[in-house]
Structures are given as C-alpha cells and as structure tokens.
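Enquirer: Here's a structure for you.
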Amino acid sequence: AILLEALTVLNPGHAAAWRALSYALLLAGRHEDALAATDALLRLDAAMPENAPALLIRSKALWALGQTAAAQESLQRYLELGSPP
C-alpha cells in the first residue's frame with residue numbers, strides 16, 4: 001500500500017494505481033483510507049465500467065465502517081455498471 005500511495009502522489013491521474021491502492025487498503029483493514037481512495041478513483045471517471053470494482057471495494061469499506069445504507073447504495077451502483085469480464 002505504501003508504494004501505491006507514493007505512485008498516486010506522483011501520478012494522481014493513474015486510475016489503475018488508485019484501483020490497486022483502494023484494494024490494498026481494504027485488505028489491510030484501513031477502511032477509511034480505502035474509502036478515500038475509491039472516492040478519488042471515482043472522481044477521475046465515475047461512469048467507466050472498469051471502475052465497477054472500485055464500487056464493490058467502496059461498498060465493503062462502507063460496510064466495515066458501519067455505514068450500511070451507503071454500502072448498499074454503492075453495491076447497487078456496482079450492479080448497475082456490471083462487473084467487467
């Protein structure tokens with residue numbers, strides 16, 4: 001996660017780095033940071049189907065933070081975009 005954080009600082013428009021960082025932070029139990037990383041990714045281009053996994057990660061982070069309504073909303077957006085092949 002530390003290297004991915006550095007990469008996003010050096011290249012804040014690198015969507016793949018934000019996607020990988022959000023997942024790494026989720027796995028590390030850093031749910032608030034994972035949520036912030038997914039939000040940064042989605043600000044780059046929210047409607048892209050390849051960002052659908054970020055919505056799933058965002059949903060899991062929100063769920064872990066006890067924000068179930070927001071988690072369900074994010075999950076619904078994930079399902080609407082469809083998971084990429």
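Numbering starts fresh at 1 for the residues of each chain in the structure tokens, the chains themselves are lettered A, B, ... in the order given, and ligands are numbered from 1 as they appear.
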Can you tell me which residues surround Asn51 of chain A at a distance of at most 12 Å, considering only C-alpha atoms, apart from same-chain residues fewer than 5 positions away, and format the answer as a PDB file with N, CA, C and O atoms, in the first residue's frame?
Expert:
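Written file, result-v4.pdb:
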```
ATOM      1  N   ALA A  15      -5.470   5.856 -12.862  1.00  0.00           N
ATOM      2  CA  ALA A  15      -6.641   5.144 -12.336  1.00  0.00           C
ATOM      3  C   ALA A  15      -6.296   3.748 -11.823  1.00  0.00           C
ATOM      4  O   ALA A  15      -6.797   3.323 -10.781  1.00  0.00           O
ATOM      5  N   ALA A  16      -5.436   3.036 -12.525  1.00  0.00           N
ATOM      6  CA  ALA A  16      -5.088   1.669 -12.098  1.00  0.00           C
ATOM      7  C   ALA A  16      -4.388   1.684 -10.743  1.00  0.00           C
ATOM      8  O   ALA A  16      -4.590   0.777  -9.923  1.00  0.00           O
ATOM      9  N   ALA A  17      -3.579   2.697 -10.498  1.00  0.00           N
ATOM     10  CA  ALA A  17      -2.897   2.804  -9.199  1.00  0.00           C
ATOM     11  C   ALA A  17      -3.916   3.057  -8.089  1.00  0.00           C
ATOM     12  O   ALA A  17      -3.834   2.466  -7.011  1.00  0.00           O
ATOM     13  N   TRP A  18      -4.890   3.924  -8.345  1.00  0.00           N
ATOM     14  CA  TRP A  18      -5.933   4.188  -7.354  1.00  0.00           C
ATOM     15  C   TRP A  18      -6.746   2.931  -7.090  1.00  0.00           C
ATOM     16  O   TRP A  18      -7.104   2.632  -5.947  1.00  0.00           O
ATOM     17  N   ARG A  19      -7.042   2.184  -8.149  1.00  0.00           N
ATOM     18  CA  ARG A  19      -7.819   0.948  -8.007  1.00  0.00           C
ATOM     19  C   ARG A  19      -7.057  -0.062  -7.150  1.00  0.00           C
ATOM     20  O   ARG A  19      -7.612  -0.651  -6.216  1.00  0.00           O
ATOM     21  N   ALA A  20      -5.785  -0.243  -7.449  1.00  0.00           N
ATOM     22  CA  ALA A  20      -4.962  -1.188  -6.686  1.00  0.00           C
ATOM     23  C   ALA A  20      -4.783  -0.717  -5.244  1.00  0.00           C
ATOM     24  O   ALA A  20      -4.818  -1.526  -4.309  1.00  0.00           O
ATOM     25  N   SER A  22      -6.825   1.167  -3.451  1.00  0.00           N
ATOM     26  CA  SER A  22      -8.053   1.009  -2.673  1.00  0.00           C
ATOM     27  C   SER A  22      -8.222  -0.441  -2.208  1.00  0.00           C
ATOM     28  O   SER A  22      -8.610  -0.687  -1.066  1.00  0.00           O
ATOM     29  N   THR A  38     -11.106   5.010  -3.136  1.00  0.00           N
ATOM     30  CA  THR A  38     -12.133   4.720  -4.142  1.00  0.00           C
ATOM     31  C   THR A  38     -12.831   6.003  -4.574  1.00  0.00           C
ATOM     32  O   THR A  38     -13.138   6.167  -5.753  1.00  0.00           O
ATOM     33  N   ASP A  39     -13.042   6.905  -3.631  1.00  0.00           N
ATOM     34  CA  ASP A  39     -13.662   8.183  -3.997  1.00  0.00           C
ATOM     35  C   ASP A  39     -12.767   8.971  -4.948  1.00  0.00           C
ATOM     36  O   ASP A  39     -13.254   9.586  -5.897  1.00  0.00           O
ATOM     37  N   ALA A  40     -11.460   8.935  -4.719  1.00  0.00           N
ATOM     38  CA  ALA A  40     -10.524   9.619  -5.624  1.00  0.00           C
ATOM     39  C   ALA A  40     -10.577   8.999  -7.017  1.00  0.00           C
ATOM     40  O   ALA A  40     -10.603   9.711  -8.022  1.00  0.00           O
ATOM     41  N   LEU A  41     -10.620   7.676  -7.079  1.00  0.00           N
ATOM     42  CA  LEU A  41     -10.719   6.993  -8.366  1.00  0.00           C
ATOM     43  C   LEU A  41     -12.010   7.351  -9.078  1.00  0.00           C
ATOM     44  O   LEU A  41     -12.005   7.668 -10.274  1.00  0.00           O
ATOM     45  N   LEU A  42     -13.099   7.330  -8.361  1.00  0.00           N
ATOM     46  CA  LEU A  42     -14.392   7.607  -8.981  1.00  0.00           C
ATOM     47  C   LEU A  42     -14.515   9.061  -9.427  1.00  0.00           C
ATOM     48  O   LEU A  42     -15.252   9.356 -10.371  1.00  0.00           O
ATOM     49  N   ARG A  43     -13.790   9.959  -8.773  1.00  0.00           N
ATOM     50  CA  ARG A  43     -13.776  11.354  -9.237  1.00  0.00           C
ATOM     51  C   ARG A  43     -13.071  11.475 -10.583  1.00  0.00           C
ATOM     52  O   ARG A  43     -13.380  12.364 -11.368  1.00  0.00           O
ATOM     53  N   LEU A  44     -12.129  10.578 -10.862  1.00  0.00           N
ATOM     54  CA  LEU A  44     -11.436  10.608 -12.156  1.00  0.00           C
ATOM     55  C   LEU A  44     -12.409  10.328 -13.287  1.00  0.00           C
ATOM     56  O   LEU A  44     -12.408  10.996 -14.304  1.00  0.00           O
ATOM     57  N   ASP A  45     -13.229   9.300 -13.125  1.00  0.00           N
ATOM     58  CA  ASP A  45     -14.229   8.954 -14.140  1.00  0.00           C
ATOM     59  C   ASP A  45     -15.180   7.918 -13.573  1.00  0.00           C
ATOM     60  O   ASP A  45     -14.957   6.712 -13.689  1.00  0.00           O
ATOM     61  N   ALA A  46     -16.257   8.382 -12.973  1.00  0.00           N
ATOM     62  CA  ALA A  46     -17.161   7.516 -12.222  1.00  0.00           C
ATOM     63  C   ALA A  46     -17.927   6.519 -13.079  1.00  0.00           C
ATOM     64  O   ALA A  46     -18.268   5.445 -12.625  1.00  0.00           O
ATOM     65  N   LEU A  56     -17.427  -1.845  -5.653  1.00  0.00           N
ATOM     66  CA  LEU A  56     -17.520  -3.005  -4.771  1.00  0.00           C
ATOM     67  C   LEU A  56     -16.596  -2.825  -3.565  1.00  0.00           C
ATOM     68  O   LEU A  56     -16.983  -3.081  -2.421  1.00  0.00           O
ATOM     69  N   ILE A  57     -15.374  -2.365  -3.810  1.00  0.00           N
ATOM     70  CA  ILE A  57     -14.433  -2.096  -2.720  1.00  0.00           C
ATOM     71  C   ILE A  57     -15.012  -1.019  -1.801  1.00  0.00           C
ATOM     72  O   ILE A  57     -14.956  -1.126  -0.576  1.00  0.00           O
ATOM     73  N   ARG A  58     -15.579   0.022  -2.414  1.00  0.00           N
ATOM     74  CA  ARG A  58     -16.187   1.108  -1.642  1.00  0.00           C
ATOM     75  C   ARG A  58     -17.319   0.561  -0.770  1.00  0.00           C
ATOM     76  O   ARG A  58     -17.438   0.916   0.404  1.00  0.00           O
ATOM     77  N   SER A  74     -23.794   1.865  -2.835  1.00  0.00           N
ATOM     78  CA  SER A  74     -22.601   1.636  -3.645  1.00  0.00           C
ATOM     79  C   SER A  74     -22.666   0.275  -4.338  1.00  0.00           C
ATOM     80  O   SER A  74     -22.288   0.142  -5.503  1.00  0.00           O
ATOM     81  N   ARG A  77     -24.950   0.548  -7.316  1.00  0.00           N
ATOM     82  CA  ARG A  77     -24.267   1.197  -8.445  1.00  0.00           C
ATOM     83  C   ARG A  77     -23.319   0.217  -9.127  1.00  0.00           C
ATOM     84  O   ARG A  77     -23.199   0.198 -10.351  1.00  0.00           O
ATOM     85  N   TYR A  78     -22.640  -0.616  -8.334  1.00  0.00           N
ATOM     86  CA  TYR A  78     -21.753  -1.651  -8.882  1.00  0.00           C
ATOM     87  C   TYR A  78     -22.547  -2.601  -9.785  1.00  0.00           C
ATOM     88  O   TYR A  78     -22.131  -2.909 -10.904  1.00  0.00           O
ATOM     89  N   LEU A  79     -23.696  -3.042  -9.303  1.00  0.00           N
ATOM     90  CA  LEU A  79     -24.511  -3.970 -10.069  1.00  0.00           C
ATOM     91  C   LEU A  79     -25.056  -3.315 -11.353  1.00  0.00           C
ATOM     92  O   LEU A  79     -25.177  -3.978 -12.380  1.00  0.00           O
ATOM     93  N   GLU A  80     -25.361  -2.028 -11.284  1.00  0.00           N
ATOM     94  CA  GLU A  80     -25.858  -1.321 -12.462  1.00  0.00           C
ATOM     95  C   GLU A  80     -24.783  -1.184 -13.542  1.00  0.00           C
ATOM     96  O   GLU A  80     -25.074  -1.283 -14.732  1.00  0.00           O
ATOM     97  N   LEU A  81     -23.540  -0.946 -13.121  1.00  0.00           N
ATOM     98  CA  LEU A  81     -22.446  -0.842 -14.100  1.00  0.00           C
ATOM     99  C   LEU A  81     -22.080  -2.209 -14.654  1.00  0.00           C
ATOM    100  O   LEU A  81     -21.601  -2.335 -15.761  1.00  0.00           O
ATOM    101  N   GLY A  82     -22.280  -3.220 -13.834  1.00  0.00           N
ATOM    102  CA  GLY A  82     -21.918  -4.569 -14.254  1.00  0.00           C
ATOM    103  C   GLY A  82     -20.431  -4.796 -14.027  1.00  0.00           C
ATOM    104  O   GLY A  82     -19.627  -3.899 -14.177  1.00  0.00           O
ATOM    105  N   SER A  83     -20.105  -5.975 -13.619  1.00  0.00           N
ATOM    106  CA  SER A  83     -18.696  -6.294 -13.407  1.00  0.00           C
ATOM    107  C   SER A  83     -18.029  -6.551 -14.753  1.00  0.00           C
ATOM    108  O   SER A  83     -18.604  -7.172 -15.630  1.00  0.00           O
ATOM    109  N   PRO A  84     -16.808  -6.033 -14.923  1.00  0.00           N
ATOM    110  CA  PRO A  84     -16.107  -6.239 -16.197  1.00  0.00           C
ATOM    111  C   PRO A  84     -15.728  -7.708 -16.383  1.00  0.00           C
ATOM    112  O   PRO A  84     -15.586  -8.433 -15.415  1.00  0.00           O
TER     113      PRO A  84
END
```
Enquirer: Would you list the contacts of Leu27 of chain A as a PyMOL selection string, taking every protein, DNA or RNA residue within 12 Å and counting only C-alpha atoms, but skipping same-chain residues closer than 3 positions in sequence?
Expert: chain A and resi 1+20-24+30-34+57+60-61+64
Enquirer: Please save N, CA and C atoms of the selected residues as a PDB file, in the first residue's frame.
Expert:
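Produced file part12.pdb, reproduced below:
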```
ATOM      1  N   ALA A   1       0.824  -1.193   0.000  1.00  0.00           N
ATOM      2  CA  ALA A   1       0.000   0.000   0.000  1.00  0.00           C
ATOM      3  C   ALA A   1       0.869   1.259   0.000  1.00  0.00           C
ATOM      4  N   ALA A  20      -5.785  -0.243  -7.449  1.00  0.00           N
ATOM      5  CA  ALA A  20      -4.962  -1.188  -6.686  1.00  0.00           C
ATOM      6  C   ALA A  20      -4.783  -0.717  -5.244  1.00  0.00           C
ATOM      7  N   LEU A  21      -4.585   0.584  -5.069  1.00  0.00           N
ATOM      8  CA  LEU A  21      -4.415   1.128  -3.725  1.00  0.00           C
ATOM      9  C   LEU A  21      -5.668   0.914  -2.888  1.00  0.00           C
ATOM     10  N   SER A  22      -6.825   1.167  -3.451  1.00  0.00           N
ATOM     11  CA  SER A  22      -8.053   1.009  -2.673  1.00  0.00           C
ATOM     12  C   SER A  22      -8.222  -0.441  -2.208  1.00  0.00           C
ATOM     13  N   TYR A  23      -7.883  -1.385  -3.071  1.00  0.00           N
ATOM     14  CA  TYR A  23      -7.999  -2.795  -2.698  1.00  0.00           C
ATOM     15  C   TYR A  23      -6.962  -3.170  -1.634  1.00  0.00           C
ATOM     16  N   ALA A  24      -5.742  -2.690  -1.789  1.00  0.00           N
ATOM     17  CA  ALA A  24      -4.693  -2.975  -0.802  1.00  0.00           C
ATOM     18  C   ALA A  24      -5.069  -2.417   0.569  1.00  0.00           C
ATOM     19  N   ARG A  30      -7.650  -0.874   6.488  1.00  0.00           N
ATOM     20  CA  ARG A  30      -7.661   0.594   6.543  1.00  0.00           C
ATOM     21  C   ARG A  30      -8.884   1.093   5.770  1.00  0.00           C
ATOM     22  N   HIS A  31     -10.057   0.862   6.349  1.00  0.00           N
ATOM     23  CA  HIS A  31     -11.312   1.082   5.647  1.00  0.00           C
ATOM     24  C   HIS A  31     -11.567   2.542   5.288  1.00  0.00           C
ATOM     25  N   GLU A  32     -11.254   3.466   6.172  1.00  0.00           N
ATOM     26  CA  GLU A  32     -11.453   4.882   5.850  1.00  0.00           C
ATOM     27  C   GLU A  32     -10.543   5.306   4.701  1.00  0.00           C
ATOM     28  N   ASP A  33      -9.301   4.831   4.718  1.00  0.00           N
ATOM     29  CA  ASP A  33      -8.369   5.152   3.637  1.00  0.00           C
ATOM     30  C   ASP A  33      -8.801   4.504   2.325  1.00  0.00           C
ATOM     31  N   ALA A  34      -9.320   3.274   2.410  1.00  0.00           N
ATOM     32  CA  ALA A  34      -9.824   2.594   1.206  1.00  0.00           C
ATOM     33  C   ALA A  34     -10.989   3.366   0.611  1.00  0.00           C
ATOM     34  N   ILE A  57     -15.374  -2.365  -3.810  1.00  0.00           N
ATOM     35  CA  ILE A  57     -14.433  -2.096  -2.720  1.00  0.00           C
ATOM     36  C   ILE A  57     -15.012  -1.019  -1.801  1.00  0.00           C
ATOM     37  N   LYS A  60     -17.658  -2.482   0.425  1.00  0.00           N
ATOM     38  CA  LYS A  60     -17.086  -3.272   1.523  1.00  0.00           C
ATOM     39  C   LYS A  60     -16.497  -2.372   2.609  1.00  0.00           C
ATOM     40  N   ALA A  61     -15.840  -1.279   2.208  1.00  0.00           N
ATOM     41  CA  ALA A  61     -15.266  -0.347   3.184  1.00  0.00           C
ATOM     42  C   ALA A  61     -16.378   0.321   3.992  1.00  0.00           C
ATOM     43  N   ALA A  64     -17.812  -2.112   6.481  1.00  0.00           N
ATOM     44  CA  ALA A  64     -16.911  -2.291   7.619  1.00  0.00           C
ATOM     45  C   ALA A  64     -16.965  -1.102   8.575  1.00  0.00           C
TER      46      ALA A  64
END
```
Enquirer: From segment 12-85 of chain A, collect each residue whose DSSP state is helix (DSSP H, G or I) and return the set as a PyMOL selection string.
Expert: chain A and resi 15-27+31-45+49-64+68-81
Enquirer: Kindly give the distance, in Å, that separates atom CA of Thr68 of chain A and atom CA of Glu50 of chain A, rounded to a single decimal.
Expert: 23.9 Å
Enquirer: In Å, how far is it from atom CA of Ile2 of chain A to atom CA of Leu65 of chain A?
Expert: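 Here the two named atoms are 21.8 Å from each other.
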Enquirer: Separation of atom CA of Trp63 of chain A and atom CA of Thr8 of chain A, in Å?
Expert: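 Taking atom CA of Trp63 of chain A and atom CA of Thr8 of chain A, their separation equals 24.7 Å.
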